[in-house]
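Asks: Got a structure here, written out as structure tokens. Questions coming.
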Amino acid sequence: MDQYSSNNFREPEVNSLKDYIQLIRLNLLPIILISLTGLFVAGIYALNATNIYKTTTVLKISKPKGGGILQAPIIQEFSDWGNDRFIANEIEILESYTLRSKVAKALLDTFALSQDEERFSLIFNKSAKENIDPSNFSKIKRKLKYYFNKVLNYISNQKEYVEKPVGPVKSISELVGLFSKKVSIEQKRGLDIVNISVESPSPKEAVLIANLYAEKYEELDLHYSRMLLVSVKEFLEGQRKDKLVELNLAEDAFKSYQAQGGVIDLSAQSKVLIDQLANFEAQKNAVKIELTISEKSLTQLKKQLDEQNPKLKDYLESLASESYLKSLQDQIAMMETKRDLAMSRNKSTSTQKQVVDDYNDKVSELRTKLDEKIEIYKAGVFASSPEEIKGLTKKVLEEEIKYQAYKSSYRELSSVVKDYEERFNQIPDRTIDLARLERKQKTLEKLYILVEEKYQEAQINIESIPGNVVIIDGAILPEHPAKPNRMLIVLVGLVLGVGMGVGFAFVKNFLDDTVKTPDDIQKKNIDVLTWIPLIEGIESGYKEFEFIVAKRPDAIPSEAFRALRTRVLYSRAVENGLKTLLVTSCAPSEGKTTITANLGASFAQAGKKTIIMDADLRKPRLHNVFRADRQPGFTDYFFGESTFEEVIRESEVPNLYFVTAGTIPPNPSEILGSEQMEAFLEKLRDNFDIVLLDSAPIIAVTDSEILSRMVDGTVLVVAANETETDLMEKSVELLRHDKGSFIGVVLNKFSYKSGYGNYYKYYYYYTRPDKKKKKS
């Protein structure tokens, strides 16, 4: 048994690197075509892709520190908590619809003022389709000019030729949606720096949008930072106007009363009482305004805290109203009121200073106790508060305590004012009207002065509070486009093309279950006798090349048939040698008749007296190969219409004879399985050295299976890239019967040039002599 034979026990099929390389070589042409297609498409896309310019503005965002009316943080380290979360929140604001709509409106306003269409691109709706008609000729001409300039500019590395946009401008909502794709906002890791990057076909438009983003965000940040102070200022402004009107009315009423001949002067005691009452009433009203401001601020802060942690808001309210804190605040308010009363009653400078110092000491002692208690509460609250809301918690707690302190002061002052009003009502009736008018006028005058001071303070505080945003770098006009990377596009197109080509090869191989190489046969535990290369010219209809051993004995296929002859002779040990050989195939058109004829010629050239019998009684074709008539043939001899000598014909090749099929019978299987067939075969065996039988395909009919039990050996022909693997295995299974005549498989129509390396070397070995002849 030779190198092509093997035992029936092979290792399971495993794909090696060699198999994959072979697969690529077999499909090299489609892979190259698909790769070139991908490269071409990528090149066209890269050439026609619009240049995109990118610019970036850099912002530094700091956490708010407070100030003015809001006051600076009591514990400094709290201001740095949750900084990353703060920046993340600010990025969400940058990506919000509110900010984007502001930018879109400003962008449209800028275009409306400039009307410079060359400067803009994204704001326009471009037409999706232009019909080719005379009215569109100018547009088509402009398009061609655009692409022509684009190629020239790309080659000369000049600036992008920007096409004049087509169509009306987009709406604000459309631009807002577009910004989500064209604007990217990123934080630099570990820093308070945020980059706003904008992409646009127009470099000037990209710069404009980036700068508008930074400006509008800076404005919005200032609005949010000053929002609490602005609400206080607006409240004070309203109070200021109201008190001014009330003061003017009071003064007019006082002057009118005097002009009408009322009491011109009051007693000294009444004047002192009026001054004291006016002072305390003014203080009371001032505290009421402070209380209202504190209540407004507290309401806004509680609303923010309630959105994040409602339970914490309720806890802070109960904490600020704790009885001990309330008691201390009431005592402080009472001491301060008594101090003011003592100061208003005692006019002696030394006595007044001593009284004030005593009350101040008591107030200072009470405030120290209050501050210590507040610090304890703060530590407990901050320890249990989430990191991201500690700053807000601190503000709420401070405002709650301040609010409660104002309430205590207001209650004490209300009590004092009530006491003074009782004394005021005891003024004689003849002076009471004038006293009331003077009291009201002085009270409103002092209150107005207080409100005016608070209003001016609030206005200064608003202007003094800086924003949390600093524009580090404005957007710079880009000189070169950021996209597309044309070389990368072409490279990706090539890689994708190669990938798709290789993928096509693997998918094709997966779906294609045909036999392609000798290894495909051996992997199925089937012996391969040899492979026969595709005979040039047969596929084009030149049948004269079919009998190639006789026509061109020096050709590569002729040598392959000689190799087949040798391996058939030594394939198995048979008594008296192998004399009868059956050649069949799995399905029609696989080349079994061509194989039989050329194998017979090869035996004849080796000096063997050989005869070929056409045993395909259904679709015989052997007579076409030898260019002879089909009759008389085997069936004519079988039915006694011709003699043995008449059906034996001699071919053009010495020592080669053939028997045609003859008249096609209605029952080929019965004829081939008869005793007469066995007798005819035995007679051929006695008269010839080698007997070859060309039979019908084994899957289609049972003729070959019957004949395989009468011969010394059986060869199965399969066609490369045509015969299905399952069909081959089924055919071999039918031929491997108890008679054991199956020798192996011949792979026909095998393309050795695209095969594995060893097959190509075989081809090269037999073509090398021809090259030497050409040189000589």
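Chains: A, B, ... in order of the structure tokens. Residues: from 1 per chain. Ligands: from 1, in order shown.
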List the spatial neighbours of Glu412 in chain A as a VMD selection string - criterion: any atom at most 9 Å away, only C-alpha atoms, same-chain residues fewer than 3 positions off excluded.
Replies: chain A and resid 284 330 333 to 334 337 407 to 409 415 to 417
Asks: Fewer than 3 positions away in the same chain doesn't count, so skip those; otherwise give me all residues within 10 Å of Gln283 in chain A, counting only C-alpha atoms, as a PDB file with N, CA, C and O atoms, in the first residue's frame.
Replies:
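File written: out20.pdb
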```
ATOM      1  N   LEU A 277     -40.404 106.002  71.227  1.00  0.00           N
ATOM      2  CA  LEU A 277     -41.350 105.103  70.571  1.00  0.00           C
ATOM      3  C   LEU A 277     -41.012 104.954  69.089  1.00  0.00           C
ATOM      4  O   LEU A 277     -41.078 103.844  68.521  1.00  0.00           O
ATOM      5  N   ALA A 278     -40.649 106.065  68.450  1.00  0.00           N
ATOM      6  CA  ALA A 278     -40.291 106.011  67.033  1.00  0.00           C
ATOM      7  C   ALA A 278     -39.066 105.136  66.810  1.00  0.00           C
ATOM      8  O   ALA A 278     -38.998 104.352  65.851  1.00  0.00           O
ATOM      9  N   ASN A 279     -38.069 105.264  67.730  1.00  0.00           N
ATOM     10  CA  ASN A 279     -36.854 104.443  67.603  1.00  0.00           C
ATOM     11  C   ASN A 279     -37.180 102.951  67.687  1.00  0.00           C
ATOM     12  O   ASN A 279     -36.744 102.140  66.863  1.00  0.00           O
ATOM     13  N   PHE A 280     -37.928 102.594  68.739  1.00  0.00           N
ATOM     14  CA  PHE A 280     -38.242 101.169  68.932  1.00  0.00           C
ATOM     15  C   PHE A 280     -39.179 100.645  67.839  1.00  0.00           C
ATOM     16  O   PHE A 280     -39.073  99.485  67.413  1.00  0.00           O
ATOM     17  N   ALA A 286     -37.748  97.222  61.229  1.00  0.00           N
ATOM     18  CA  ALA A 286     -36.517  96.766  60.562  1.00  0.00           C
ATOM     19  C   ALA A 286     -36.307  95.272  60.789  1.00  0.00           C
ATOM     20  O   ALA A 286     -35.935  94.524  59.870  1.00  0.00           O
ATOM     21  N   VAL A 287     -36.538  94.831  62.028  1.00  0.00           N
ATOM     22  CA  VAL A 287     -36.406  93.389  62.325  1.00  0.00           C
ATOM     23  C   VAL A 287     -37.444  92.596  61.537  1.00  0.00           C
ATOM     24  O   VAL A 287     -37.180  91.476  61.057  1.00  0.00           O
ATOM     25  N   LYS A 288     -38.622  93.184  61.370  1.00  0.00           N
ATOM     26  CA  LYS A 288     -39.662  92.496  60.598  1.00  0.00           C
ATOM     27  C   LYS A 288     -39.217  92.310  59.144  1.00  0.00           C
ATOM     28  O   LYS A 288     -39.452  91.251  58.531  1.00  0.00           O
ATOM     29  N   ILE A 289     -38.558  93.349  58.598  1.00  0.00           N
ATOM     30  CA  ILE A 289     -38.048  93.211  57.222  1.00  0.00           C
ATOM     31  C   ILE A 289     -36.974  92.138  57.160  1.00  0.00           C
ATOM     32  O   ILE A 289     -36.930  91.306  56.243  1.00  0.00           O
ATOM     33  N   SER A 409     -36.157  88.517  68.636  1.00  0.00           N
ATOM     34  CA  SER A 409     -35.990  89.979  68.693  1.00  0.00           C
ATOM     35  C   SER A 409     -37.298  90.693  68.388  1.00  0.00           C
ATOM     36  O   SER A 409     -37.644  91.703  69.024  1.00  0.00           O
ATOM     37  N   TYR A 410     -38.016  90.179  67.427  1.00  0.00           N
ATOM     38  CA  TYR A 410     -39.283  90.806  67.048  1.00  0.00           C
ATOM     39  C   TYR A 410     -40.290  90.740  68.190  1.00  0.00           C
ATOM     40  O   TYR A 410     -41.020  91.717  68.444  1.00  0.00           O
ATOM     41  N   LEU A 413     -39.182  93.322  70.857  1.00  0.00           N
ATOM     42  CA  LEU A 413     -39.421  94.692  70.421  1.00  0.00           C
ATOM     43  C   LEU A 413     -40.915  94.995  70.365  1.00  0.00           C
ATOM     44  O   LEU A 413     -41.347  96.119  70.660  1.00  0.00           O
ATOM     45  N   SER A 414     -41.707  94.006  69.969  1.00  0.00           N
ATOM     46  CA  SER A 414     -43.167  94.209  69.953  1.00  0.00           C
ATOM     47  C   SER A 414     -43.681  94.497  71.352  1.00  0.00           C
ATOM     48  O   SER A 414     -44.579  95.336  71.558  1.00  0.00           O
ATOM     49  N   VAL A 417     -42.627  98.111  72.239  1.00  0.00           N
ATOM     50  CA  VAL A 417     -43.449  99.068  71.499  1.00  0.00           C
ATOM     51  C   VAL A 417     -44.853  99.128  72.089  1.00  0.00           C
ATOM     52  O   VAL A 417     -45.458 100.210  72.214  1.00  0.00           O
ATOM     53  N   THR A 443     -41.107 107.639  62.750  1.00  0.00           N
ATOM     54  CA  THR A 443     -40.949 106.182  62.619  1.00  0.00           C
ATOM     55  C   THR A 443     -40.678 105.802  61.164  1.00  0.00           C
ATOM     56  O   THR A 443     -39.772 105.013  60.863  1.00  0.00           O
ATOM     57  N   LYS A 446     -37.122 106.893  60.001  1.00  0.00           N
ATOM     58  CA  LYS A 446     -36.043 106.002  60.451  1.00  0.00           C
ATOM     59  C   LYS A 446     -36.116 104.645  59.726  1.00  0.00           C
ATOM     60  O   LYS A 446     -35.097 104.059  59.376  1.00  0.00           O
ATOM     61  N   LEU A 447     -37.346 104.169  59.528  1.00  0.00           N
ATOM     62  CA  LEU A 447     -37.504 102.881  58.843  1.00  0.00           C
ATOM     63  C   LEU A 447     -37.045 102.995  57.394  1.00  0.00           C
ATOM     64  O   LEU A 447     -36.389 102.081  56.872  1.00  0.00           O
ATOM     65  N   LEU A 450     -33.335 102.863  57.238  1.00  0.00           N
ATOM     66  CA  LEU A 450     -32.876 101.483  57.441  1.00  0.00           C
ATOM     67  C   LEU A 450     -33.060 100.645  56.172  1.00  0.00           C
ATOM     68  O   LEU A 450     -32.163  99.904  55.758  1.00  0.00           O
TER      69      LEU A 450
END
```
Asks: May I have all residues of range 451-608 of chain A that DSSP, computed from the backbone, assigns to helix (DSSP H, G or I), given as JSON, numbers by chain?
Replies: {"A": [451, 452, 453, 454, 455, 456, 457, 458, 459, 460, 461, 462, 463, 464, 486, 487, 488, 489, 490, 491, 492, 493, 494, 495, 496, 497, 498, 499, 500, 501, 502, 503, 504, 505, 506, 507, 508, 509, 510, 511, 518, 519, 520, 521, 522, 543, 544, 545, 548, 549, 550, 551, 556, 557, 558, 559, 560, 561, 562, 563, 564, 565, 566, 567, 568, 569, 592, 593, 594, 595, 596, 597, 598, 599, 600, 601, 602, 603, 604, 605]}
Asks: If you measure from CA of Ala210 in chain A to CA of Ala475 in chain A, what distance in Å do you get, rounded to one decimal?
Replies: 6.1 Å
Asks: Pick the closest to Glu199 in chain A from A:Lys182, A:Tyr455, A:Asp252, A:Glu398: which is it, counting only C-alpha atoms?
Replies: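 Smallest distance to Glu199 in chain A is found for A:Lys182.
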Asks: Please provide as a ChimeraX atom specification all residues within 8 Å of Ser731 in chain A, with the sequence filter that same-chain residues fewer than 4 positions apart are discarded (counting only C-alpha atoms).
Replies: /A:586,698-699,727,735
Asks: Excluding same-chain residues fewer than 2 positions from range 670-682 of chain A, what lies within 12 Å of it counting only C-alpha atoms, as a PyMOL selection string?
Replies: chain A and resi 579-582+611-618+634-640+643-644+647-648+659+661+664-668+684-693+695-696+701-712
Asks: Export, as a short mmCIF file (atom, residue, chain, number, x, y, z; two decimals), in the first residue's frame, the selected residues with C-alpha atoms.
Replies:
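Final file, part-v5.cif:
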```cif
data_model
loop_
_atom_site.label_atom_id
_atom_site.label_comp_id
_atom_site.auth_asym_id
_atom_site.auth_seq_id
_atom_site.Cartn_x
_atom_site.Cartn_y
_atom_site.Cartn_z
CA LYS A 579 -7.37 -7.40 -14.08
CA THR A 580 -10.93 -6.01 -13.84
CA LEU A 581 -11.54 -2.46 -12.66
CA LEU A 582 -14.84 -0.61 -12.27
CA ILE A 611 -10.18 -3.12 -23.16
CA ILE A 612 -12.75 -0.57 -21.98
CA MET A 613 -16.39 -1.57 -21.73
CA ASP A 614 -19.15 1.04 -21.60
CA ALA A 615 -21.30 -0.41 -18.78
CA ASP A 616 -23.39 2.77 -18.50
CA LEU A 617 -26.41 1.37 -20.30
CA ARG A 618 -28.56 4.40 -19.45
CA PHE A 634 -22.55 -5.03 -25.48
CA THR A 635 -26.37 -5.22 -25.42
CA ASP A 636 -26.42 -6.33 -29.05
CA TYR A 637 -24.06 -9.16 -28.10
CA PHE A 638 -26.16 -9.85 -25.00
CA PHE A 639 -29.31 -10.34 -27.09
CA GLY A 640 -27.47 -12.41 -29.75
CA THR A 643 -20.87 -11.76 -32.25
CA PHE A 644 -18.09 -11.27 -29.70
CA VAL A 647 -18.43 -5.79 -30.58
CA ILE A 648 -14.70 -5.70 -29.88
CA VAL A 659 -16.82 -2.10 -26.31
CA ALA A 661 -22.98 0.10 -24.89
CA ILE A 664 -30.08 1.06 -24.78
CA PRO A 665 -32.20 -1.59 -22.99
CA PRO A 666 -35.24 -1.02 -20.75
CA ASN A 667 -33.75 -3.07 -17.88
CA PRO A 668 -30.03 -2.26 -17.46
CA LEU A 684 -12.87 -10.36 -21.55
CA ARG A 685 -10.62 -11.29 -18.65
CA ASP A 686 -9.31 -14.29 -20.62
CA ASN A 687 -8.56 -12.25 -23.75
CA PHE A 688 -7.15 -9.04 -22.23
CA ASP A 689 -4.65 -8.05 -19.53
CA ILE A 690 -6.76 -5.17 -18.16
CA VAL A 691 -10.55 -4.78 -18.31
CA LEU A 692 -12.05 -1.37 -17.43
CA LEU A 693 -15.78 -0.88 -16.87
CA SER A 695 -20.58 2.39 -15.25
CA ALA A 696 -23.43 4.71 -14.27
CA VAL A 701 -28.92 3.68 -9.84
CA THR A 702 -27.76 0.28 -8.54
CA ASP A 703 -25.78 -0.70 -11.67
CA SER A 704 -22.39 0.22 -10.22
CA GLU A 705 -23.13 -1.44 -6.90
CA ILE A 706 -23.93 -4.69 -8.77
CA LEU A 707 -20.82 -4.54 -10.95
CA SER A 708 -18.56 -3.74 -7.99
CA ARG A 709 -19.18 -7.26 -6.72
CA MET A 710 -17.91 -8.78 -10.00
CA VAL A 711 -14.61 -6.91 -10.39
CA ASP A 712 -11.22 -6.99 -8.73
#
```
Asks: Just how far from CA of Leu291 in chain A is CA of Thr368 in chain A, in Å to one decimal?
Replies: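 Value for the CA of Thr368 in chain A-CA of Leu291 in chain A distance: 22.7 Å.
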Asks: Restricting the calculation to only C-alpha atoms: of A:Ala104, A:Val356, A:Ala719, A:Ala250, which residue gets closest to Leu122 in chain A?
Replies: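 Residue with the minimum atom-to-atom distance to Leu122 in chain A: A:Ala104.
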Asks: Show me, as a VMD selection string, the residues that have an atom within 8 Å of Asn51 in chain A when counting only C-alpha atoms, minus same-chain residues fewer than 3 positions from it.
Replies: chain A and resid 160 201 481 to 484
Asks: Could you write out the selected residues, including all heavy atoms, as a PDB file, in the first residue's frame?
Replies:
```pdb
ATOM      1  N   GLU A 160     -10.105  74.871   3.437  1.00  0.00           N
ATOM      2  CA  GLU A 160     -11.295  74.239   2.848  1.00  0.00           C
ATOM      3  C   GLU A 160     -12.133  75.234   2.066  1.00  0.00           C
ATOM      4  O   GLU A 160     -12.374  76.357   2.497  1.00  0.00           O
ATOM      5  CB  GLU A 160     -12.131  73.623   3.973  1.00  0.00           C
ATOM      6  CG  GLU A 160     -13.496  73.131   3.559  1.00  0.00           C
ATOM      7  CD  GLU A 160     -13.433  71.886   2.683  1.00  0.00           C
ATOM      8  OE1 GLU A 160     -12.311  71.473   2.345  1.00  0.00           O
ATOM      9  OE2 GLU A 160     -14.484  71.372   2.330  1.00  0.00           O
ATOM     10  N   PRO A 201     -18.793  72.317   9.630  1.00  0.00           N
ATOM     11  CA  PRO A 201     -18.113  72.457   8.334  1.00  0.00           C
ATOM     12  C   PRO A 201     -17.513  73.843   8.125  1.00  0.00           C
ATOM     13  O   PRO A 201     -16.634  74.013   7.297  1.00  0.00           O
ATOM     14  CB  PRO A 201     -19.232  72.181   7.319  1.00  0.00           C
ATOM     15  CG  PRO A 201     -20.246  71.383   8.064  1.00  0.00           C
ATOM     16  CD  PRO A 201     -20.199  71.912   9.463  1.00  0.00           C
ATOM     17  N   PRO A 481      -8.774  71.152   9.026  1.00  0.00           N
ATOM     18  CA  PRO A 481      -9.929  70.360   9.473  1.00  0.00           C
ATOM     19  C   PRO A 481      -9.514  69.227  10.396  1.00  0.00           C
ATOM     20  O   PRO A 481      -8.444  68.638  10.240  1.00  0.00           O
ATOM     21  CB  PRO A 481     -10.525  69.826   8.155  1.00  0.00           C
ATOM     22  CG  PRO A 481      -9.390  69.843   7.180  1.00  0.00           C
ATOM     23  CD  PRO A 481      -8.535  71.009   7.573  1.00  0.00           C
ATOM     24  N   ALA A 482     -10.382  68.939  11.356  1.00  0.00           N
ATOM     25  CA  ALA A 482     -10.141  67.822  12.272  1.00  0.00           C
ATOM     26  C   ALA A 482     -10.647  66.509  11.687  1.00  0.00           C
ATOM     27  O   ALA A 482     -10.149  65.438  12.022  1.00  0.00           O
ATOM     28  CB  ALA A 482     -10.831  68.089  13.612  1.00  0.00           C
ATOM     29  N   LYS A 483     -11.638  66.617  10.837  1.00  0.00           N
ATOM     30  CA  LYS A 483     -12.211  65.447  10.170  1.00  0.00           C
ATOM     31  C   LYS A 483     -12.462  65.826   8.707  1.00  0.00           C
ATOM     32  O   LYS A 483     -12.641  67.001   8.389  1.00  0.00           O
ATOM     33  CB  LYS A 483     -13.546  65.047  10.817  1.00  0.00           C
ATOM     34  CG  LYS A 483     -13.465  64.604  12.253  1.00  0.00           C
ATOM     35  CD  LYS A 483     -14.871  64.296  12.751  1.00  0.00           C
ATOM     36  CE  LYS A 483     -14.902  63.923  14.215  1.00  0.00           C
ATOM     37  NZ  LYS A 483     -16.270  63.659  14.695  1.00  0.00           N
ATOM     38  N   PRO A 484     -12.528  64.851   7.814  1.00  0.00           N
ATOM     39  CA  PRO A 484     -12.235  63.437   8.053  1.00  0.00           C
ATOM     40  C   PRO A 484     -10.741  63.149   7.908  1.00  0.00           C
ATOM     41  O   PRO A 484     -10.028  63.892   7.220  1.00  0.00           O
ATOM     42  CB  PRO A 484     -13.022  62.751   6.935  1.00  0.00           C
ATOM     43  CG  PRO A 484     -12.982  63.747   5.813  1.00  0.00           C
ATOM     44  CD  PRO A 484     -13.004  65.107   6.448  1.00  0.00           C
TER      45      PRO A 484
END
```
Asks: Write out as a PDB file with N, CA, C and O atoms, in the first residue's frame the residues lying within 7 Å of Arg119 in chain A, counting only C-alpha atoms and excluding same-chain residues fewer than 2 positions away.
Replies:
```
ATOM      1  N   ASP A 116     -24.134  86.920   6.725  1.00  0.00           N
ATOM      2  CA  ASP A 116     -22.954  86.403   6.028  1.00  0.00           C
ATOM      3  C   ASP A 116     -23.081  84.881   5.925  1.00  0.00           C
ATOM      4  O   ASP A 116     -22.694  84.144   6.827  1.00  0.00           O
ATOM      5  N   GLU A 117     -23.635  84.409   4.809  1.00  0.00           N
ATOM      6  CA  GLU A 117     -23.906  82.985   4.667  1.00  0.00           C
ATOM      7  C   GLU A 117     -22.635  82.145   4.598  1.00  0.00           C
ATOM      8  O   GLU A 117     -22.648  80.967   4.954  1.00  0.00           O
ATOM      9  N   SER A 202     -18.005  74.829   8.874  1.00  0.00           N
ATOM     10  CA  SER A 202     -17.480  76.188   8.784  1.00  0.00           C
ATOM     11  C   SER A 202     -16.632  76.481  10.019  1.00  0.00           C
ATOM     12  O   SER A 202     -17.131  76.414  11.146  1.00  0.00           O
ATOM     13  N   LYS A 204     -15.456  79.300  11.141  1.00  0.00           N
ATOM     14  CA  LYS A 204     -15.919  80.494  11.856  1.00  0.00           C
ATOM     15  C   LYS A 204     -17.172  80.203  12.669  1.00  0.00           C
ATOM     16  O   LYS A 204     -17.339  80.717  13.770  1.00  0.00           O
ATOM     17  N   GLU A 205     -18.047  79.369  12.127  1.00  0.00           N
ATOM     18  CA  GLU A 205     -19.252  79.013  12.867  1.00  0.00           C
ATOM     19  C   GLU A 205     -18.908  78.190  14.102  1.00  0.00           C
ATOM     20  O   GLU A 205     -19.501  78.375  15.169  1.00  0.00           O
TER      21      GLU A 205
END
```
Asks: To one decimal in Å, tell me the separation between CA of Asp694 in chain A and CA of Tyr657 in chain A.
Replies: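 Between CA of Asp694 in chain A and CA of Tyr657 in chain A the gap is 13.4 Å.
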Asks: DSSP on the backbone, strand (DSSP E or B) only: what residues of range 662-693 of chain A does that give? Format it as JSON, numbers by chain.
Replies: {"A": [690, 691, 692, 693]}
Asks: Would you pick out the contacts of Val746 in chain A at 12 Å or less, using only C-alpha atoms, so that residues sharing its chain but fewer than 4 positions from it are not included, and give the list as a ChimeraX atom specification?
Replies: /A:4,515,517-518,521-522,526-533,560-561,563-565,567-568,583-586,590-592,594-596,599,714-720,723,728,742,750
Asks: For Lys243 in chain A, which residue among A:Asn485, A:Asn285, A:Thr57, A:Thr393 is the nearest when counting only C-alpha atoms?
Replies: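 The shortest atom-to-atom distance to Lys243 in chain A comes from A:Asn285.
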Asks: Which of these residues is nearest to Leu191 in chain A, using only C-alpha atoms: A:Leu328, A:Ala88, A:Ala42, A:Ala206?
Replies: A:Ala88
Asks: Here is a test: counting only C-alpha atoms, which residue of A:Gly43, A:Glu722, A:Ser62, A:Ala505 is nearest to Ser589 in chain A?
Replies: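 Checking each of A:Gly43, A:Glu722, A:Ser62, A:Ala505 against Ser589 in chain A, counting only C-alpha atoms, the winner is A:Glu722.
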